[in-house]
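Peer 1: What follows is a single structure, and I will ask about it in a moment.
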Amino acid sequence: MRKYMTLMIAAALVPVLLAGTPAQAKKLNVVTTLTDLASIARSVGGEDVTVISLCPGTRDPHFMPAKPSLARKLGKADMLVYDGMELEIGWLPQLIEKARNPRVKPGARGDVDCSQAISNLLEVPAATVDRSEGDIHPLGNPHYTLDPRNAEAVADLLAERMSDLDPVHAQAFADRAAAFKAEIEKHLPGWVEMTAKARAHHVLIYHKHWTYLVDWLGLDKIGEIEHRPGITPSPRHVHEMMDKAKRLGDVVIIAATWDHLDAAKEVGKRSGAPLVVLPGHTGGTDGTDDYISFIDTICRSLGAATTQLQSLR
Amino acid sequence: MRHFIVTVVGACAAVLVATGPVGTAFAQASSTATGVSRLMNPAVSANALFLAQSSSDDDSYGENNIALQEAEMQFSAVVDPFWKANLIVAFHPPHHEEAAAKAEEHHAGFEVHLEEASLTSRSMPAGLGLRIGKFFLPFGKHAPLHTHQFPFVRAPLPLLAFLGDHGLTDVGAELSATVPAPWYSVAKVYGIDGGVAILDGEDRDLAYGGRLINLWDVSDNATLELGLSALTGPAGPGMRQLVYGADLTYKWSSGSLSHGPAVNWINEVVLPDPDGKVGNPVGAYSLVQYRFARNWWLGLGGGKVADTAPVEGFESVNLDADGLVDYSEFKANVTFTPSEFSDLRAEVSYAETDQDGYEDLRFSIQWNFTIGAHPAHLY
């Protein structure tokens, strides 16, 4: 009897002892909300971290279902990396509450709001806003990862915060962040070159998801089809956009894979503007497995669409 | 004297300069001097639910009118490092004749119902969760829903029959823990005052219950949830009420289209087992909602109940049977949701019993809006 009792106590102690293993001895468990952030975290963390994203790149991150199974993943995280600016407000607070993980609660060391690293936030309301303008983000446009220069700022922040949690690998995190930034800098001229023809045209975007891309590449945006975020565009507005595109000519329409494309297709059909459907985030389409290839795909697709438009003229 | 005047004027000038625009701005931003600050205000939201209905069986005013079904105000905030608080106040027409008379007496027309006033722990060890105060009891899938979250105008028949007509909310404490399983699993146990309609709140015997939730990802875009619930408490002198429940919910939504096709399918069985029961009372329902276009949902539902007591909405049934009476309902609706913050619903429902030839065909129009910082709904 005593032998069995001893065995049972020993078995019960094993998980306790494992739980007590120093944090430095295991990899940092990083959970991100977006696949863009997951890719940057992998670049910075390398072999010293494990990274998963809660929202797949194919889904609109505004409307990710708050599946309790995601809370289970978050419950094991050492670090929660999120976009912020209320992009994930419809689902992340619920998951944080359900996860009951003090390491990633707001204000904890593992709580990383990447928007804190961004210095050039766009469309920050200058005055009071209300929902007559649609489901707008009162803190500004949160889709800053569509500008690769912002990805560099995020990489720096992640290196700093990973180092805080795992100081043993601080130098490795800093080196990898520098390498990621160098990789971005290496690609920047090529991406700008690829989209040179697009700058000679106008662009009509479906949703404000593309605001940072437009700003970075210096594109001439003539409007949004979904002019009030989250609200189906009215037929009147669609006609206005159609007329505008027709009048100006040389217009390219940009939408994400998850958008309802009926209105965009209608505008394209009536105005002759080509519709380019782009991945909204890393992993949104084939060949966009990491952040670099994601931005690369966007720039190539835009370049191809404008070349096609020119050949039609 | 002249020196004194010059000194006073100089001092006043210094004070005016010091409390100029900068001083004013500081006073507005700071609560130190004023004792008043808006910076720590809770998130506040409100919603209102209106209902227009016409019944073929019941010709009373209450069942053939346009009315405010419910208005609700919600306040949520983190209290301190240890607790988060939630307070929900609902206003609705009286549910019972006695309450209606009382409301009439006070020229009110509405009852005020404190649905929730609870504290939820933020820092319990070992993944435990603690909730204290007044809250929706975790029984089944539908009972914890607020009225504006209902997928149909009314709660399913078995819930109206066995769990009361206005949700299960009571004062007590709930402890929850994550079950170490390979899937998402949470167990909840609670002890309550016994003030819910199906229990005898004046009896000091214990009232308590529990719920086990299991959820599996059956694909990247679909989940299956199995819940088991139980609630027991005093039900009159020397008697106890005991209710069991089981629910199975399937959810799927398109992973590639924002506001694309989606399915919510809820099935639930409620089994009351009170002392001195007659026969085997039981209730079951199935509700399915399908999003067929960006802003449109289609709903279909049905339920059956075998009970000895009159059920909410069936008051005109003449209960002359010695045993159980079978109640049935079938309903269909279409809901238009132009945004996340408002919706408009049209519903037709048919109900019948096996007694007295009772039949009721009802048409309803319901509309709902939400303003303010409303927390996201439960999955």
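Identifiers in this document derive from the order of the structure tokens: chains are assigned A, B, ..., residues are numbered from 1 separately in each chain, and ligands are numbered from 1 in order of occurrence.
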Kindly provide the residues of chain B that approach chain A to within 9 Å, each paired with its closest atom pair and their distance in Å to one decimal, based on only C-alpha atoms, listed by chain and increasing number, as CSV.

Peer 2:
residue,atom,partner,partner_atom,distance
B:Arg122,CA,A:Arg100,CA,7.7
B:Ser123,CA,A:Pro102,CA,6.9
B:Met124,CA,A:Arg100,CA,8.2
B:Pro125,CA,A:Pro102,CA,8.9
B:Ala126,CA,A:Arg100,CA,8.7
B:Gly127,CA,A:Arg100,CA,5.5
B:Leu128,CA,A:Arg100,CA,7.5
B:Gly129,CA,A:Arg100,CA,7.6
B:Trp183,CA,A:Ser69,CA,7.3
B:Tyr184,CA,A:Ser69,CA,5.4
B:Ser185,CA,A:Ser69,CA,8.9
B:Leu215,CA,A:Ser69,CA,7.0
B:Trp216,CA,A:Ser69,CA,7.2
B:Asp217,CA,A:Ser69,CA,7.0
B:Asn221,CA,A:Pro65,CA,8.9
B:Thr223,CA,A:Lys67,CA,7.9
B:Ser253,CA,A:Pro65,CA,8.3
B:Ser254,CA,A:Arg59,CA,8.5
B:Gly255,CA,A:Arg59,CA,5.5
B:Ser256,CA,A:Trp258,CA,5.2
B:Leu257,CA,A:Trp258,CA,4.1
B:Ser258,CA,A:Trp258,CA,5.2
B:His259,CA,A:Phe63,CA,7.8
B:Gly260,CA,A:His260,CA,8.2
B:Arg294,CA,A:His260,CA,8.0
B:Asn295,CA,A:Thr232,CA,8.2
B:Pro338,CA,A:Ile231,CA,6.8
B:Ser339,CA,A:Ile231,CA,6.0
B:Glu340,CA,A:Gly230,CA,8.2
B:Ile371,CA,A:Arg131,CA,9.0
B:Pro375,CA,A:Gly90,CA,7.9
B:Ala376,CA,A:Gly90,CA,5.5
B:His377,CA,A:Gln94,CA,8.4
B:Leu378,CA,A:Gln94,CA,7.6
B:Tyr379,CA,A:Ala66,CA,5.8

Peer 1: Okay, now the selection with C-alpha atoms, as an mmCIF file, in the first residue's frame?

Peer 2:
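Written output follows (result.cif):
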data_model
loop_
_atom_site.group_PDB
_atom_site.id
_atom_site.type_symbol
_atom_site.label_atom_id
_atom_site.label_comp_id
_atom_site.auth_asym_id
_atom_site.auth_seq_id
_atom_site.Cartn_x
_atom_site.Cartn_y
_atom_site.Cartn_z
ATOM 1 C CA ARG B 122 -8.631 38.707 -12.754
ATOM 2 C CA SER B 123 -5.859 37.004 -10.831
ATOM 3 C CA MET B 124 -6.905 33.606 -9.525
ATOM 4 C CA PRO B 125 -4.125 31.009 -9.425
ATOM 5 C CA ALA B 126 -3.960 27.765 -11.413
ATOM 6 C CA GLY B 127 -6.273 28.973 -14.174
ATOM 7 C CA LEU B 128 -9.261 29.136 -11.847
ATOM 8 C CA GLY B 129 -12.045 31.656 -12.346
ATOM 9 C CA TRP B 183 -9.713 19.775 -26.182
ATOM 10 C CA TYR B 184 -11.222 22.957 -24.677
ATOM 11 C CA SER B 185 -13.038 21.876 -21.537
ATOM 12 C CA LEU B 215 -15.585 22.216 -27.427
ATOM 13 C CA TRP B 216 -13.789 20.671 -30.370
ATOM 14 C CA ASP B 217 -12.512 22.255 -33.580
ATOM 15 C CA ASN B 221 -13.936 26.989 -39.576
ATOM 16 C CA THR B 223 -16.689 23.830 -33.877
ATOM 17 C CA SER B 253 -18.534 30.227 -40.755
ATOM 18 C CA SER B 254 -16.782 30.839 -44.033
ATOM 19 C CA GLY B 255 -13.074 31.278 -43.513
ATOM 20 C CA SER B 256 -12.525 33.135 -46.757
ATOM 21 C CA LEU B 257 -15.388 35.632 -47.031
ATOM 22 C CA SER B 258 -16.036 38.429 -44.533
ATOM 23 C CA HIS B 259 -19.697 38.202 -43.423
ATOM 24 C CA GLY B 260 -19.930 35.123 -45.642
ATOM 25 C CA ARG B 294 -23.873 39.531 -46.135
ATOM 26 C CA ASN B 295 -26.653 41.148 -44.067
ATOM 27 C CA PRO B 338 -27.421 46.340 -41.786
ATOM 28 C CA SER B 339 -24.578 46.678 -39.276
ATOM 29 C CA GLU B 340 -23.321 45.000 -36.149
ATOM 30 C CA ILE B 371 -25.277 52.109 -28.788
ATOM 31 C CA PRO B 375 -18.807 44.066 -25.002
ATOM 32 C CA ALA B 376 -18.521 41.280 -27.595
ATOM 33 C CA HIS B 377 -21.066 38.497 -27.161
ATOM 34 C CA LEU B 378 -20.175 35.004 -26.009
ATOM 35 C CA TYR B 379 -19.119 32.536 -28.719
#

Peer 1: Among segment 190-305 of chain B, which residues carry a DSSP assignment of strand (DSSP E or B), reported as a PyMOL selection string?

Peer 2: chain B and resi 190-192+207-219+222-234+240-253+262-272+282-293+296-305

Peer 1: Hey, what does DSSP flag as helix (DSSP H, G or I) within segment 24-273 of chain B? Can you give it to me as a ChimeraX atom specification?

Peer 2: /B:24-29,61-63,97-105,125-127,147-149,157-162

Peer 1: May I ask for the distance between atom CA of Pro125 of chain A and atom CA of Leu139 of chain A, given in Å to one decimal place?

Peer 2: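 Distance reported for this atom pair: 7.0 Å.
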
Peer 1: Hey, can you check how far atom CA of Arg103 of chain A sits from atom CA of Ala173 of chain B?

Peer 2: 25.5 Å

Peer 1: I want to know what sits within 7 Å of Val348 of chain B, based on only C-alpha atoms, with residues of the same chain fewer than 6 positions away left out; could you give that as a list in words?

Peer 2: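 What passes the distance filter is Lys331, Ala332, Asn333, Arg362, Phe363 and Ser364 of chain B.
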
Peer 1: I'd like the contact shell of Val214 of chain A - 12 Å cut-off, only C-alpha atoms, skipping same-chain residues fewer than 6 positions apart - returned as a count of residues only.

Peer 2: 26

Peer 1: Residues within 9 Å of Leu275 of chain A, please, as a list in words. Count only C-alpha atoms; anything in the same chain fewer than 4 positions from it doesn't count.

Peer 2: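 Residues near the query, excluding close chain neighbours: Val252, Ile253, Ile254, Ala255, Ala264, Lys265, Val267, Gly268 and Ala305 of chain A.
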
Peer 1: Let me make sure I understand: among A:Val124, A:Val276, A:Ala170, A:Ile40, which one has the smallest atom-to-atom distance to Tyr82 of chain A if we use only C-alpha atoms?

Peer 2: A:Ile40

Peer 1: Using only C-alpha atoms, determine which residues lie at most 9 Å from Gly372 of chain B, disregarding the query and same-chain residues fewer than 3 positions distant; provide the list as JSON, numbers by chain.

Peer 2: {"B": [43, 44, 45, 46, 47]}

Peer 1: Write a file of the just-selected residues containing C-alpha atoms, as a compact mmCIF listing (two decimals), in the first residue's frame.

Peer 2:
# COMPACT_ATOMS: atom_id res chain seq x y z
CA ALA B 43 -17.62 51.23 -20.71
CA VAL B 44 -21.30 52.07 -21.10
CA SER B 45 -23.73 50.68 -23.62
CA ALA B 46 -27.47 50.49 -24.08
CA ASN B 47 -29.80 48.64 -26.34

Peer 1: Taking only C-alpha atoms into account, name the residue in B:Ser121, B:Ser56, B:Ser176, B:Ser286 that is nearest to Val79 of chain B.

Peer 2: B:Ser121

Peer 1: Find the spatial neighbours of segment 160-171 of chain B, counting only C-alpha atoms, within a cut-off of 9 Å - ignore same-chain residues fewer than 6 positions away - and output them as a CSV table (one decimal) with N, CA and C atoms, in the first residue's frame.

Peer 2:
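Now in result.csv:
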chain,number,residue,atom,x,y,z
B,95,HIS,N,-44.0,41.0,-16.5
B,95,HIS,CA,-44.3,39.7,-17.0
B,95,HIS,C,-45.5,39.0,-16.3
B,114,LEU,N,-32.6,44.0,-12.3
B,114,LEU,CA,-31.1,44.0,-12.2
B,114,LEU,C,-30.7,42.6,-12.7
B,115,GLU,N,-30.3,42.5,-13.9
B,115,GLU,CA,-29.9,41.2,-14.5
B,115,GLU,C,-28.6,40.7,-14.0
B,116,GLU,N,-27.7,41.6,-13.9
B,116,GLU,CA,-26.3,41.2,-13.5
B,116,GLU,C,-25.7,42.3,-12.7
B,117,ALA,N,-25.0,42.0,-11.6
B,117,ALA,CA,-24.1,42.9,-10.9
B,117,ALA,C,-23.0,42.0,-10.3
B,118,SER,N,-22.0,41.8,-11.1
B,118,SER,CA,-21.1,40.8,-10.7
B,118,SER,C,-19.6,41.2,-10.8
B,132,ILE,N,-18.6,36.4,-8.5
B,132,ILE,CA,-19.5,36.6,-7.3
B,132,ILE,C,-20.5,37.7,-7.6
B,133,GLY,N,-21.6,37.7,-7.0
B,133,GLY,CA,-22.6,38.7,-7.3
B,133,GLY,C,-23.9,38.1,-7.9
B,134,LYS,N,-24.6,38.9,-8.7
B,134,LYS,CA,-25.7,38.4,-9.4
B,134,LYS,C,-25.3,38.2,-10.9
B,135,PHE,N,-25.6,37.0,-11.4
B,135,PHE,CA,-25.2,36.7,-12.8
B,135,PHE,C,-26.1,35.7,-13.4
B,136,PHE,N,-26.0,35.6,-14.8
B,136,PHE,CA,-26.8,34.6,-15.5
B,136,PHE,C,-26.2,33.2,-15.1
B,137,LEU,N,-27.0,32.3,-14.7
B,137,LEU,CA,-26.5,31.0,-14.3
B,137,LEU,C,-26.1,30.2,-15.6
B,138,PRO,N,-25.0,29.5,-15.5
B,138,PRO,CA,-24.5,28.8,-16.7
B,138,PRO,C,-25.3,27.5,-16.9
B,139,PHE,N,-26.5,27.6,-17.3
B,139,PHE,CA,-27.3,26.4,-17.6
B,139,PHE,C,-27.7,26.3,-19.1
B,142,HIS,N,-28.8,28.4,-24.2
B,142,HIS,CA,-29.6,29.6,-24.5
B,142,HIS,C,-29.9,30.4,-23.3
B,143,ALA,N,-30.0,29.8,-22.1
B,143,ALA,CA,-30.4,30.5,-20.9
B,143,ALA,C,-29.5,31.6,-20.5
B,144,PRO,N,-28.2,31.5,-20.8
B,144,PRO,CA,-27.3,32.7,-20.4
B,144,PRO,C,-27.4,33.9,-21.4
B,145,LEU,N,-28.2,33.7,-22.5
B,145,LEU,CA,-28.2,34.8,-23.5
B,145,LEU,C,-29.1,36.0,-23.0
B,146,HIS,N,-28.7,37.2,-23.3
B,146,HIS,CA,-29.5,38.3,-23.0
B,146,HIS,C,-30.6,38.4,-24.1
B,147,THR,N,-31.7,39.0,-23.8
B,147,THR,CA,-32.9,39.0,-24.7
B,147,THR,C,-32.5,39.4,-26.1
B,154,ARG,N,-38.8,34.8,-29.1
B,154,ARG,CA,-39.0,34.3,-27.7
B,154,ARG,C,-38.0,33.2,-27.4
B,191,GLY,N,-23.0,28.1,-6.3
B,191,GLY,CA,-24.0,28.1,-5.2
B,191,GLY,C,-24.7,29.4,-5.2
B,192,ILE,N,-26.0,29.4,-5.1
B,192,ILE,CA,-26.8,30.6,-5.3
B,192,ILE,C,-27.9,30.7,-4.2
B,193,ASP,N,-28.5,31.9,-4.2
B,193,ASP,CA,-29.4,32.2,-3.1
B,193,ASP,C,-30.7,31.4,-3.3
B,194,GLY,N,-31.1,31.0,-4.5
B,194,GLY,CA,-32.3,30.3,-4.7
B,194,GLY,C,-33.5,31.2,-5.1
B,195,GLY,N,-33.1,32.4,-5.6
B,195,GLY,CA,-34.2,33.4,-5.9
B,195,GLY,C,-34.8,33.3,-7.3
B,196,VAL,N,-34.2,32.4,-8.1
B,196,VAL,CA,-34.8,32.2,-9.5
B,196,VAL,C,-36.2,31.6,-9.4
B,197,ALA,N,-37.0,31.9,-10.4
B,197,ALA,CA,-38.4,31.6,-10.3
B,197,ALA,C,-38.7,30.1,-10.1
B,198,ILE,N,-37.8,29.2,-10.6
B,198,ILE,CA,-38.1,27.8,-10.4
B,198,ILE,C,-37.8,27.2,-9.0
B,243,VAL,N,-33.1,20.0,-12.1
B,243,VAL,CA,-33.2,20.0,-13.5
B,243,VAL,C,-31.8,19.7,-14.1
B,270,VAL,N,-33.9,19.5,-21.9
B,270,VAL,CA,-34.1,19.8,-20.5
B,270,VAL,C,-34.9,18.8,-19.8
B,271,LEU,N,-34.4,18.3,-18.7
B,271,LEU,CA,-35.1,17.2,-18.0
B,271,LEU,C,-35.3,17.6,-16.5
B,272,PRO,N,-36.5,18.1,-16.2
B,272,PRO,CA,-36.8,18.4,-14.8
B,272,PRO,C,-37.0,17.1,-14.0
B,282,VAL,N,-40.4,16.5,-19.9
B,282,VAL,CA,-39.1,16.6,-20.7
B,282,VAL,C,-39.4,17.7,-21.8
B,283,GLY,N,-38.3,18.4,-22.2
B,283,GLY,CA,-38.4,19.3,-23.2
B,283,GLY,C,-37.2,19.3,-24.1
B,305,VAL,N,-42.5,20.1,-25.6
B,305,VAL,CA,-42.4,20.0,-24.1
B,305,VAL,C,-43.6,19.1,-23.6
B,307,ASP,N,-45.4,18.6,-20.1
B,307,ASP,CA,-45.4,19.2,-18.7
B,307,ASP,C,-46.8,19.1,-18.2
B,309,ALA,N,-47.8,21.7,-16.0
B,309,ALA,CA,-48.1,23.1,-15.7
B,309,ALA,C,-48.3,23.9,-16.9
B,310,PRO,N,-49.1,25.1,-16.8
B,310,PRO,CA,-49.2,25.9,-18.0
B,310,PRO,C,-47.8,26.5,-18.4
B,311,VAL,N,-47.6,26.7,-19.6
B,311,VAL,CA,-46.3,27.2,-20.1
B,311,VAL,C,-46.6,28.6,-20.6
B,312,GLU,N,-45.6,29.5,-20.4
B,312,GLU,CA,-45.6,30.9,-20.8
B,312,GLU,C,-46.1,31.0,-22.3
B,313,GLY,N,-47.1,31.7,-22.5
B,313,GLY,CA,-47.6,31.9,-23.9
B,313,GLY,C,-48.8,30.9,-24.2

Peer 1: Between atom CA of Ser342 of chain B and atom CA of Ile266 of chain B, what is the spacing in Å?

Peer 2: 22.7 Å
